[in-house]
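Below is the file start06.txt, which contains compact mmCIF, C-alpha atoms and all ligand atoms.
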# COMPACT_ATOMS: atom_id res chain seq x y z
CA MET R 1 -45.74 -19.05 13.70
CA TYR R 2 -42.78 -16.72 13.25
CA ILE R 3 -41.97 -15.68 9.70
CA ALA R 4 -38.82 -13.61 9.30
CA ASN R 5 -38.98 -10.20 7.65
CA PRO R 6 -38.26 -10.73 3.93
CA GLU R 7 -36.49 -7.34 3.87
CA ARG R 8 -34.05 -8.32 6.64
CA TYR R 9 -30.92 -8.16 4.50
CA SER R 10 -31.64 -4.79 2.88
CA LYS R 11 -30.00 -2.44 5.38
CA MET R 12 -27.36 -4.22 7.43
CA PRO R 13 -23.76 -4.08 6.14
CA TYR R 14 -21.83 -7.39 6.38
CA ARG R 15 -18.09 -7.37 6.83
CA ARG R 16 -15.63 -10.19 6.26
CA LEU R 17 -13.69 -11.64 9.18
CA GLY R 18 -10.17 -11.03 7.87
CA ARG R 19 -9.49 -13.31 4.92
CA SER R 20 -11.87 -16.04 6.13
CA GLY R 21 -15.01 -17.08 4.31
CA LEU R 22 -17.21 -15.81 7.11
CA LYS R 23 -19.00 -12.47 7.11
CA LEU R 24 -20.63 -10.91 10.16
CA PRO R 25 -23.22 -8.15 10.42
CA ALA R 26 -21.87 -4.72 11.43
CA PHE R 27 -23.92 -5.17 14.61
CA SER R 28 -24.08 -8.57 16.30
CA PHE R 29 -26.28 -9.35 19.29
CA GLY R 30 -24.98 -10.45 22.71
CA LEU R 31 -26.90 -12.30 25.43
CA TRP R 32 -24.63 -11.77 28.44
CA LEU R 33 -26.84 -10.16 31.11
CA ASN R 34 -30.28 -9.42 29.63
CA PHE R 35 -31.42 -12.91 28.63
CA GLY R 36 -31.02 -15.07 31.71
CA GLY R 37 -33.38 -16.93 33.98
CA VAL R 38 -34.10 -13.67 35.84
CA ASN R 39 -35.28 -11.86 32.68
CA ASP R 40 -38.70 -11.78 31.04
CA TYR R 41 -38.71 -14.44 28.31
CA GLU R 42 -41.29 -12.89 25.96
CA LYS R 43 -39.59 -9.50 26.08
CA GLY R 44 -36.21 -11.07 25.32
CA LYS R 45 -37.60 -13.20 22.53
CA GLU R 46 -39.13 -10.11 20.94
CA MET R 47 -35.71 -8.38 20.96
CA ILE R 48 -33.92 -11.40 19.49
CA LEU R 49 -36.47 -11.76 16.68
CA HIS R 50 -36.44 -8.02 16.03
CA ALA R 51 -32.65 -8.20 15.74
CA PHE R 52 -32.90 -11.06 13.23
CA ASP R 53 -35.63 -9.23 11.30
CA ASN R 54 -33.21 -6.34 10.92
CA GLY R 55 -30.28 -8.29 9.54
CA ILE R 56 -28.50 -9.26 12.76
CA THR R 57 -27.43 -12.77 11.85
CA HIS R 58 -24.97 -13.31 14.68
CA PHE R 59 -25.91 -14.12 18.31
CA ASP R 60 -23.15 -14.31 20.90
CA LEU R 61 -23.30 -16.46 24.04
CA ALA R 62 -21.05 -18.12 26.60
CA ASN R 63 -21.50 -21.05 28.97
CA ASN R 64 -21.73 -18.70 31.97
CA TYR R 65 -24.15 -16.07 30.56
CA GLY R 66 -27.30 -15.53 32.56
CA PRO R 67 -27.76 -15.10 35.45
CA PRO R 68 -27.83 -17.87 36.54
CA PRO R 69 -24.92 -19.28 34.50
CA GLY R 70 -26.17 -21.41 31.60
CA SER R 71 -29.60 -19.79 31.47
CA ALA R 72 -28.83 -17.51 28.50
CA GLU R 73 -28.02 -20.57 26.37
CA GLU R 74 -31.29 -22.16 27.51
CA PHE R 75 -33.09 -18.88 26.70
CA PHE R 76 -31.66 -18.76 23.19
CA GLY R 77 -32.26 -22.51 22.73
CA ARG R 78 -35.95 -21.90 23.45
CA VAL R 79 -36.11 -19.05 20.91
CA LEU R 80 -34.43 -21.30 18.36
CA LYS R 81 -36.94 -24.07 19.02
CA GLU R 82 -39.97 -21.78 18.95
CA ALA R 83 -38.99 -19.53 16.04
CA LEU R 84 -35.51 -19.44 14.57
CA MET R 85 -34.65 -23.08 13.85
CA PRO R 86 -35.99 -22.92 10.25
CA TYR R 87 -33.39 -20.14 9.74
CA ARG R 88 -30.47 -21.97 11.38
CA ASP R 89 -28.34 -21.81 8.22
CA GLU R 90 -28.75 -18.03 8.15
CA ILE R 91 -27.50 -17.63 11.72
CA ILE R 92 -24.06 -17.58 13.35
CA ILE R 93 -24.21 -18.79 16.96
CA SER R 94 -21.16 -18.50 19.17
CA THR R 95 -20.46 -19.72 22.66
CA LYS R 96 -17.42 -19.78 24.95
CA ALA R 97 -15.73 -21.43 27.89
CA GLY R 98 -12.89 -20.08 30.01
CA TYR R 99 -14.43 -18.38 33.06
CA TYR R 100 -15.79 -20.04 36.18
CA MET R 101 -18.71 -22.30 35.37
CA TRP R 102 -18.95 -25.11 37.91
CA PRO R 103 -17.35 -25.92 41.26
CA GLY R 104 -14.21 -27.93 41.72
CA PRO R 105 -10.98 -27.87 39.72
CA TYR R 106 -12.50 -28.71 36.29
CA GLY R 107 -14.99 -25.90 35.65
CA ASP R 108 -12.71 -22.92 34.94
CA PHE R 109 -9.75 -21.65 32.83
CA GLY R 110 -8.31 -23.64 29.88
CA SER R 111 -7.88 -27.35 30.50
CA ARG R 112 -8.90 -29.94 27.94
CA LYS R 113 -11.09 -31.49 30.66
CA TYR R 114 -13.06 -28.23 31.07
CA LEU R 115 -13.43 -27.25 27.42
CA MET R 116 -14.54 -30.68 26.18
CA ALA R 117 -17.20 -30.96 28.90
CA SER R 118 -18.34 -27.38 28.52
CA ILE R 119 -19.03 -27.51 24.79
CA ASP R 120 -21.21 -30.59 25.32
CA GLN R 121 -23.16 -28.81 28.06
CA SER R 122 -23.59 -25.71 25.87
CA LEU R 123 -24.90 -27.74 22.91
CA GLU R 124 -27.32 -29.51 25.21
CA ARG R 125 -28.68 -26.20 26.57
CA LEU R 126 -28.90 -24.67 23.09
CA GLY R 127 -30.50 -27.81 21.65
CA ILE R 128 -28.27 -27.89 18.56
CA PRO R 129 -25.56 -30.28 17.33
CA TYR R 130 -22.90 -27.60 16.67
CA VAL R 131 -22.13 -23.91 17.18
CA ASP R 132 -20.65 -21.79 14.44
CA ILE R 133 -17.93 -20.27 16.62
CA PHE R 134 -16.47 -21.68 19.83
CA TYR R 135 -14.20 -19.38 21.85
CA HIS R 136 -11.69 -19.87 24.56
CA HIS R 137 -13.02 -17.05 26.76
CA ARG R 138 -9.75 -15.85 28.31
CA TYR R 139 -6.03 -16.55 28.19
CA ASP R 140 -4.91 -19.03 30.86
CA SER R 141 -1.31 -18.46 31.88
CA GLU R 142 -1.11 -21.69 33.89
CA THR R 143 -2.28 -24.25 31.32
CA ASP R 144 0.11 -25.08 28.48
CA LEU R 145 -1.36 -23.21 25.51
CA TYR R 146 -0.88 -26.29 23.32
CA GLU R 147 -3.32 -28.25 25.50
CA THR R 148 -6.02 -25.59 25.15
CA MET R 149 -5.48 -25.23 21.40
CA LEU R 150 -5.52 -29.01 20.87
CA ALA R 151 -8.86 -29.19 22.70
CA LEU R 152 -10.22 -26.47 20.38
CA ARG R 153 -8.99 -28.44 17.37
CA ASP R 154 -10.68 -31.59 18.62
CA ILE R 155 -13.95 -29.73 19.19
CA VAL R 156 -13.84 -28.76 15.50
CA LEU R 157 -12.89 -32.30 14.42
CA GLN R 158 -15.79 -33.68 16.44
CA GLY R 159 -18.11 -31.42 14.44
CA LYS R 160 -19.17 -29.40 17.49
CA ALA R 161 -17.89 -26.05 16.17
CA LEU R 162 -17.20 -24.76 12.66
CA TYR R 163 -14.77 -21.98 13.61
CA ILE R 164 -12.59 -21.13 16.58
CA GLY R 165 -12.23 -17.79 18.35
CA LEU R 166 -10.15 -16.43 21.21
CA SER R 167 -11.55 -13.79 23.54
CA ASN R 168 -9.69 -11.40 25.86
CA TYR R 169 -6.29 -12.42 24.42
CA ASN R 170 -3.82 -9.59 23.69
CA SER R 171 -1.80 -9.38 20.46
CA GLU R 172 1.16 -11.29 21.82
CA GLN R 173 -1.08 -14.10 23.07
CA LEU R 174 -2.99 -14.20 19.78
CA ILE R 175 0.24 -14.52 17.81
CA GLU R 176 1.46 -17.31 20.10
CA ALA R 177 -1.87 -19.16 19.82
CA HIS R 178 -2.08 -18.66 16.07
CA LYS R 179 1.28 -20.39 15.59
CA ILE R 180 -0.11 -23.55 17.22
CA LEU R 181 -3.55 -23.32 15.60
CA LYS R 182 -2.00 -22.96 12.15
CA GLU R 183 0.15 -26.05 12.70
CA LEU R 184 -2.98 -27.91 13.79
CA ASN R 185 -5.01 -26.65 10.77
CA VAL R 186 -7.66 -25.06 12.97
CA PRO R 187 -10.01 -22.47 11.40
CA PHE R 188 -9.17 -19.66 13.85
CA VAL R 189 -10.97 -16.61 12.46
CA ILE R 190 -11.99 -14.23 15.22
CA THR R 191 -11.00 -12.49 18.41
CA GLN R 192 -13.34 -10.79 20.87
CA PRO R 193 -11.85 -7.97 22.99
CA SER R 194 -13.52 -5.15 24.92
CA TYR R 195 -13.45 -1.74 23.20
CA SER R 196 -15.21 1.59 23.60
CA MET R 197 -14.59 5.33 23.73
CA LEU R 198 -13.79 4.78 27.41
CA ASN R 199 -11.60 1.70 26.91
CA ARG R 200 -8.97 2.00 24.17
CA TRP R 201 -6.49 -0.78 25.02
CA ILE R 202 -6.77 -2.56 21.67
CA GLU R 203 -5.52 0.59 19.93
CA ASP R 204 -2.39 0.70 22.11
CA ASP R 205 -1.92 -3.03 21.46
CA ASN R 206 -2.41 -2.62 17.67
CA LEU R 207 -4.71 -5.63 18.02
CA PRO R 208 -7.00 -5.10 14.97
CA GLN R 209 -4.00 -4.87 12.60
CA ASN R 210 -2.23 -7.78 14.27
CA MET R 211 -5.35 -9.94 14.01
CA TYR R 212 -5.78 -8.99 10.36
CA ASN R 213 -2.17 -10.04 9.73
CA LEU R 214 -3.08 -13.43 11.22
CA GLY R 215 -5.92 -13.71 8.71
CA GLY R 216 -8.89 -13.11 11.02
CA GLY R 217 -11.20 -10.37 12.22
CA VAL R 218 -12.30 -8.61 15.39
CA ILE R 219 -15.69 -8.36 17.10
CA VAL R 220 -15.71 -5.91 20.01
CA TYR R 221 -17.80 -6.01 23.18
CA SER R 222 -19.06 -3.40 25.67
CA ALA R 223 -18.91 -0.65 23.04
CA LEU R 224 -21.32 1.32 25.24
CA ALA R 225 -19.21 0.61 28.33
CA GLN R 226 -22.20 -1.36 29.68
CA GLY R 227 -24.58 1.51 28.99
CA ARG R 228 -22.39 4.27 30.42
CA LEU R 229 -22.11 5.69 26.91
CA SER R 230 -25.74 6.72 26.70
CA ASN R 231 -27.87 9.74 27.53
CA LYS R 232 -29.47 7.95 30.47
CA TYR R 233 -26.58 8.46 32.90
CA ILE R 234 -26.31 12.24 32.37
CA GLY R 235 -28.90 12.82 35.08
CA GLU R 236 -30.19 10.63 37.93
CA ILE R 237 -29.33 6.93 37.56
CA PRO R 238 -32.52 5.24 36.27
CA GLU R 239 -33.97 2.60 38.60
CA ASP R 240 -34.19 -0.02 35.83
CA SER R 241 -30.59 0.42 34.62
CA ARG R 242 -27.73 -2.09 34.94
CA ALA R 243 -25.93 0.16 37.44
CA LYS R 244 -28.88 -0.26 39.85
CA LYS R 245 -29.32 -4.03 39.57
CA ASP R 246 -28.11 -5.74 42.75
CA TYR R 247 -27.44 -9.08 41.08
CA ILE R 248 -25.07 -7.50 38.57
CA VAL R 249 -21.55 -7.03 39.88
CA PHE R 250 -19.94 -5.69 36.71
CA LEU R 251 -21.40 -2.18 36.84
CA LYS R 252 -22.19 -0.29 40.02
CA GLU R 253 -23.61 3.13 40.91
CA ARG R 254 -20.11 4.24 41.90
CA ASP R 255 -19.04 3.77 38.24
CA ILE R 256 -21.34 6.64 37.24
CA THR R 257 -18.98 9.41 38.26
CA ASP R 258 -19.12 13.18 37.83
CA GLU R 259 -16.17 12.91 35.48
CA LEU R 260 -18.22 10.55 33.31
CA ARG R 261 -21.19 12.95 33.38
CA GLN R 262 -18.97 15.81 32.20
CA LYS R 263 -17.78 13.71 29.26
CA LEU R 264 -21.34 12.65 28.43
CA ILE R 265 -22.51 16.26 28.29
CA LYS R 266 -19.77 17.05 25.75
CA LEU R 267 -20.39 13.87 23.76
CA ASP R 268 -24.11 14.66 23.69
CA GLU R 269 -23.42 18.00 21.99
CA ILE R 270 -21.35 16.32 19.26
CA ALA R 271 -23.89 13.52 18.83
CA LYS R 272 -26.77 15.99 18.48
CA LYS R 273 -24.93 17.79 15.68
CA ARG R 274 -24.66 14.42 13.91
CA GLY R 275 -28.37 13.83 14.45
CA GLN R 276 -27.59 10.96 16.85
CA THR R 277 -27.83 9.99 20.50
CA ILE R 278 -24.66 9.26 22.49
CA SER R 279 -25.25 5.50 22.14
CA GLN R 280 -25.72 5.72 18.40
CA MET R 281 -22.55 7.77 18.05
CA ALA R 282 -20.56 5.42 20.32
CA LEU R 283 -21.60 2.37 18.29
CA SER R 284 -20.82 4.07 14.95
CA TRP R 285 -17.48 5.21 16.39
CA ALA R 286 -16.54 1.62 17.38
CA LEU R 287 -17.13 0.57 13.77
CA ARG R 288 -15.16 3.41 12.15
CA ASP R 289 -12.07 1.24 11.60
CA GLU R 290 -12.68 -1.28 8.81
CA LEU R 291 -10.53 -3.79 10.72
CA ILE R 292 -13.33 -4.03 13.30
CA THR R 293 -15.60 -6.57 11.65
CA SER R 294 -18.54 -6.30 14.03
CA VAL R 295 -19.70 -4.53 17.19
CA LEU R 296 -21.71 -6.48 19.75
CA ILE R 297 -24.82 -4.76 20.99
CA SER R 298 -27.08 -5.87 23.80
CA THR R 299 -30.26 -4.26 25.05
CA SER R 300 -32.63 -4.55 27.99
CA LYS R 301 -35.54 -2.93 26.12
CA ILE R 302 -36.82 -3.02 22.57
CA SER R 303 -36.65 0.81 22.41
CA GLN R 304 -32.87 0.60 22.95
CA LEU R 305 -32.62 -1.88 20.08
CA HIS R 306 -34.57 0.46 17.78
CA GLU R 307 -32.27 3.30 18.78
CA ASN R 308 -29.09 1.28 18.30
CA LEU R 309 -30.12 -0.11 14.91
CA ALA R 310 -30.79 3.42 13.69
CA ALA R 311 -27.06 4.15 14.19
CA LEU R 312 -26.59 2.32 10.87
CA ASP R 313 -28.05 5.39 9.13
CA HIS R 314 -24.98 7.44 10.00
CA LEU R 315 -21.78 5.45 10.40
CA LYS R 316 -19.28 7.86 8.81
CA PHE R 317 -17.34 10.53 10.75
CA THR R 318 -15.63 13.70 9.58
CA LYS R 319 -12.10 14.45 10.75
CA GLU R 320 -13.52 17.34 12.79
CA GLU R 321 -16.02 15.08 14.56
CA ILE R 322 -13.30 12.57 15.47
CA GLU R 323 -11.16 15.39 16.86
CA ALA R 324 -14.08 16.81 18.84
CA ILE R 325 -14.75 13.37 20.36
CA GLU R 326 -11.08 13.00 21.35
CA LYS R 327 -11.23 16.41 23.04
CA ALA R 328 -14.45 15.52 24.87
CA LEU R 329 -12.88 12.31 26.19
CA LYS R 330 -9.73 14.03 27.54
N1 LIG X 401 -15.95 -11.92 25.71
C1 LIG X 401 -16.20 -11.35 26.85
O1 LIG X 401 -15.48 -11.51 27.85
C2 LIG X 401 -17.43 -10.47 26.96
C3 LIG X 401 -17.61 -9.65 28.08
C4 LIG X 401 -18.74 -8.81 28.11
C5 LIG X 401 -19.63 -8.82 27.06
N2 LIG X 401 -19.44 -9.66 26.00
C6 LIG X 401 -20.41 -9.73 24.88
O2 LIG X 401 -20.77 -8.44 24.43
C7 LIG X 401 -22.17 -8.23 24.56
C8 LIG X 401 -22.44 -6.80 24.91
O3 LIG X 401 -21.83 -6.48 26.15
P1 LIG X 401 -22.41 -5.34 27.07
O4 LIG X 401 -23.74 -5.75 27.56
O5 LIG X 401 -21.37 -4.95 28.04
O6 LIG X 401 -22.60 -4.18 25.96
P2 LIG X 401 -22.90 -2.65 26.03
O7 LIG X 401 -23.51 -2.31 24.72
O8 LIG X 401 -21.71 -1.89 26.45
O9 LIG X 401 -24.00 -2.49 27.21
C9 LIG X 401 -25.30 -2.97 27.05
C10 LIG X 401 -26.19 -2.22 27.99
O10 LIG X 401 -26.18 -0.85 27.62
C11 LIG X 401 -27.46 -0.30 27.80
N3 LIG X 401 -27.94 0.19 26.51
C12 LIG X 401 -27.88 -0.42 25.30
N4 LIG X 401 -28.40 0.37 24.37
C13 LIG X 401 -28.79 1.51 25.00
C14 LIG X 401 -29.41 2.70 24.57
N5 LIG X 401 -29.71 2.90 23.30
N6 LIG X 401 -29.67 3.66 25.50
C15 LIG X 401 -29.35 3.49 26.81
N7 LIG X 401 -28.78 2.37 27.27
C16 LIG X 401 -28.50 1.39 26.37
C17 LIG X 401 -28.34 -1.38 28.38
O11 LIG X 401 -28.21 -1.23 29.78
P3 LIG X 401 -29.40 -1.33 30.82
O12 LIG X 401 -29.41 -2.76 31.19
O13 LIG X 401 -28.93 -0.42 31.92
O14 LIG X 401 -30.65 -0.87 30.15
C18 LIG X 401 -27.64 -2.64 27.93
O15 LIG X 401 -27.92 -3.71 28.78
C19 LIG X 401 -22.60 -9.25 25.63
O16 LIG X 401 -23.96 -9.56 25.56
C20 LIG X 401 -21.71 -10.41 25.26
O17 LIG X 401 -22.24 -11.10 24.15
C21 LIG X 401 -18.34 -10.46 25.93
Please express the file's structure as structure tokens.
Ligand SMILES: NC(=O)c1ccc[n+]([C@@H]2O[C@H](COP(=O)([O-])OP(=O)(O)OC[C@H]3O[C@@H](n4cnc5c(N)ncnc54)[C@H](OP(=O)(O)O)[C@@H]3O)[C@@H](O)[C@H]2O)c1
Amino acid sequence: MYIANPERYSKMPYRRLGRSGLKLPAFSFGLWLNFGGVNDYEKGKEMILHAFDNGITHFDLANNYGPPPGSAEEFFGRVLKEALMPYRDEIIISTKAGYYMWPGPYGDFGSRKYLMASIDQSLERLGIPYVDIFYHHRYDSETDLYETMLALRDIVLQGKALYIGLSNYNSEQLIEAHKILKELNVPFVITQPSYSMLNRWIEDDNLPQNMYNLGGGVIVYSALAQGRLSNKYIGEIPEDSRAKKDYIVFLKERDITDELRQKLIKLDEIAKKRGQTISQMALSWALRDELITSVLISTSKISQLHENLAALDHLKFTKEEIEAIEKALK
């Protein structure tokens, strides 16, 4: 029987989502591509429990995570059933709907029809009566935003989600959505954009400050640019890496360019001076702004999780280090 580490809250910082009552760990754990039906269950379970034992209280899912779609929720549902259910009140589980999930006109985007059906399917796969956060996964320019927001409100009123989040919305879209959600008294507390040293759009959009002004917080994803921000791509592309996996379309060998390698060599020098690896530095860097509540991490091996958790030992940057990183990224 699994018994959680009694010291699990001793090291992880927890940050508040804006002015909401909800705090998230500095690192949250995502189950997008490493916890599907194609992955080894025992290995994945070990990583999830190790994350929880080290203060990671938030696990992030979506209806379509896998592969195949839906299997990551089943994976996590099994871990809950076998080990984590006694700790359910210490855990924040999120899921989402908004990308393609099932064939025909009702399994994609932002209709009420899609969202109401999808949350029921997600709860069934997870084996729980509610999630803590339910997200609309992407802005849908064709569906009236009011329809999508009303569906989110009703999901909360039905007791199927405690809080609402919006993912991949820009500042303008968040402000527009917030207006409706406020009118409808919906607890909208979080947004989930992509962000890394190689992907800075939320800075140009002033998104963290805008979200704070709306009362909520930000959790960022792909802070390692899907693993590109790590020492492993400096040399030959490892056979077991995401870039080499045929069934993954989001990162390909062609994305590991010479330009990237040049940047990694420079970043590695700076990281070494900080006593870190590139991944550890990239994760600490993504957290350097207090307006970023949490950074999602995801790992394919327990050794990566150990490495990433150790980034917590050195989160602060000097002005000189920040400048050196900017120069390396140019
Ligand atoms: N809302 C959205 O639209 C959206 C989109 C994408 C992701 N997300 C969320 O964000 C989470 C994280 O996304 P992501 O997987 O793109 O994150 P990421 O941290 O950028 O990439 C994770 C990958 O990086 C590699 N990695 C991690 N630690 C490493 C280390 N120490 N050394 C070397 N390689 C390391 C592993 O790749 P290998 O597999 O090559 O070992 C791992 O699978 C997802 O699980 C999901 O919850 C949300």
Would you mind listing the residues within 7 Å of ligand LIG 401 (chain X), counting all atoms listed in the file, as a short mmCIF file (atom, residue, chain, number, x, y, z; two decimals) with C-alpha atoms, in the frame of the given file?
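In the end it all went to pocket-v8.cif:
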data_model
loop_
_atom_site.label_atom_id
_atom_site.label_comp_id
_atom_site.auth_asym_id
_atom_site.auth_seq_id
_atom_site.Cartn_x
_atom_site.Cartn_y
_atom_site.Cartn_z
CA PHE R 29 -26.28 -9.35 19.29
CA GLY R 30 -24.98 -10.45 22.71
CA LEU R 31 -26.90 -12.30 25.43
CA TRP R 32 -24.63 -11.77 28.44
CA LEU R 33 -26.84 -10.16 31.11
CA ASN R 34 -30.28 -9.42 29.63
CA ASP R 60 -23.15 -14.31 20.90
CA LEU R 61 -23.30 -16.46 24.04
CA HIS R 137 -13.02 -17.05 26.76
CA SER R 167 -11.55 -13.79 23.54
CA ASN R 168 -9.69 -11.40 25.86
CA GLN R 192 -13.34 -10.79 20.87
CA PRO R 193 -11.85 -7.97 22.99
CA SER R 194 -13.52 -5.15 24.92
CA TYR R 221 -17.80 -6.01 23.18
CA SER R 222 -19.06 -3.40 25.67
CA ALA R 223 -18.91 -0.65 23.04
CA LEU R 224 -21.32 1.32 25.24
CA ALA R 225 -19.21 0.61 28.33
CA GLN R 226 -22.20 -1.36 29.68
CA GLY R 227 -24.58 1.51 28.99
CA ARG R 228 -22.39 4.27 30.42
CA SER R 230 -25.74 6.72 26.70
CA ASN R 231 -27.87 9.74 27.53
CA LYS R 232 -29.47 7.95 30.47
CA ASP R 240 -34.19 -0.02 35.83
CA SER R 241 -30.59 0.42 34.62
CA ARG R 242 -27.73 -2.09 34.94
CA ALA R 243 -25.93 0.16 37.44
CA SER R 279 -25.25 5.50 22.14
CA GLN R 280 -25.72 5.72 18.40
CA LEU R 296 -21.71 -6.48 19.75
CA ILE R 297 -24.82 -4.76 20.99
CA SER R 298 -27.08 -5.87 23.80
CA THR R 299 -30.26 -4.26 25.05
CA SER R 300 -32.63 -4.55 27.99
CA LYS R 301 -35.54 -2.93 26.12
CA GLN R 304 -32.87 0.60 22.95
CA LEU R 305 -32.62 -1.88 20.08
CA GLU R 307 -32.27 3.30 18.78
CA ASN R 308 -29.09 1.28 18.30
#
| Spatial neighbours of Tyr65 (chain R), 12 Å, all atoms listed in the file, chain gap at least 6 places, as a ChimeraX atom specification | /R:30-38,71-76,95-101,122,125,137,248
| request: May I have the residues within 12 Å of Leu287 (chain R) as a PyMOL selection string, using all atoms listed in the file and disregarding those fewer than 4 positions away in the same chain? | output: chain R and resi 13-15+25-28+195-197+208+218-221+223+280-283+291-297+311-312+314-317
| query | Mind pulling up the distance from CA of Ile48 (chain R) to CA of Pro187 (chain R)? | reply | 27.6 Å
| message | To one decimal place in Å, what is the distance between CA of Ala51 (chain R) and CA of Glu90 (chain R)? | response | 13.0 Å
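Going from CA of Trp201 (chain R) over to CA of Tyr169 (chain R), you cover 11.7 Å.
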| request: Would you kindly return, as a list in words, each protein, DNA or RNA residue with an atom no farther than 12 Å from any atom of Asn185 (chain R), considering all atoms listed in the file and excluding same-chain residues fewer than 2 positions away? | output: Met149, Leu150, Leu152, Arg153, Asp154, Val156, Leu157, Tyr163, Ile164, His178, Lys179, Ile180, Leu181, Lys182, Glu183, Pro187, Phe188 and Val189 of chain R
Using C-alpha atoms, can you write the selected residues to a file as a PDB file, in the frame of the given file?
ATOM      1  CA  MET R 149      -5.480 -25.230  21.400  1.00  0.00           C
ATOM      2  CA  LEU R 150      -5.520 -29.010  20.870  1.00  0.00           C
ATOM      3  CA  LEU R 152     -10.220 -26.470  20.380  1.00  0.00           C
ATOM      4  CA  ARG R 153      -8.990 -28.440  17.370  1.00  0.00           C
ATOM      5  CA  ASP R 154     -10.680 -31.590  18.620  1.00  0.00           C
ATOM      6  CA  VAL R 156     -13.840 -28.760  15.500  1.00  0.00           C
ATOM      7  CA  LEU R 157     -12.890 -32.300  14.420  1.00  0.00           C
ATOM      8  CA  TYR R 163     -14.770 -21.980  13.610  1.00  0.00           C
ATOM      9  CA  ILE R 164     -12.590 -21.130  16.580  1.00  0.00           C
ATOM     10  CA  HIS R 178      -2.080 -18.660  16.070  1.00  0.00           C
ATOM     11  CA  LYS R 179       1.280 -20.390  15.590  1.00  0.00           C
ATOM     12  CA  ILE R 180      -0.110 -23.550  17.220  1.00  0.00           C
ATOM     13  CA  LEU R 181      -3.550 -23.320  15.600  1.00  0.00           C
ATOM     14  CA  LYS R 182      -2.000 -22.960  12.150  1.00  0.00           C
ATOM     15  CA  GLU R 183       0.150 -26.050  12.700  1.00  0.00           C
ATOM     16  CA  PRO R 187     -10.010 -22.470  11.400  1.00  0.00           C
ATOM     17  CA  PHE R 188      -9.170 -19.660  13.850  1.00  0.00           C
ATOM     18  CA  VAL R 189     -10.970 -16.610  12.460  1.00  0.00           C
TER      19      VAL R 189
END
| field | Long-range neighbours of Lys263 (chain R) as number ranges by chain, 10 Å cut-off, only C-alpha atoms, 5 positions minimum in chain | value | R: 198, 229, 234, 258, 268, 325, 327-330
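Near region 211-213 of chain R, within 9 Å and counting only C-alpha atoms, sit Leu17, Gly18, Arg19, Ser171, Leu174, Ile175, Val189, Ile190, Thr191, Asn206, Val218 and Leu291 of chain R; same-chain residues fewer than 5 positions away were not included.
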| note | Of R:Ile270, R:Leu24, R:Ile278, R:Ala310, the one sitting nearest Ile92 (chain R) when using all atoms listed in the file is R:Leu24
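Proximity to Lys43 (chain R) was assessed for R:Ala117, R:Val79, R:Leu267, R:Leu123 counting only C-alpha atoms; the smallest distance is recorded for R:Val79.
Using all atoms listed in the file for every distance, the candidate list R:Ile237, R:Ile128, R:Ile322, R:Leu260 yields R:Ile322 as the residue closest to Ser284 (chain R).
Distance annotation: of R:Glu82, R:Glu176, R:Asp89, R:Glu142, the residue with the minimal separation from Ser111 (chain R) is R:Glu142; atom set is only C-alpha atoms.
If you measure from each of R:Gly77, R:Gly216, R:Pro105, R:Pro86 to Val131 (chain R) using all atoms listed in the file, the closest one turns out to be R:Gly77.
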| task | Can you work out which one of R:Arg261, R:Ala286, R:Asp40, R:Asp255 has the shortest atom-to-atom distance to Tyr233 (chain R), counting all atoms listed in the file? | result | R:Arg261
| request: Counting all atoms listed in the file, note down every residue that has an atom within 8 Å of the point (-6.6, -21.5, 31.7) (file coordinates), as a PyMOL selection string. | output: chain R and resi 98+108-111+138-143+148
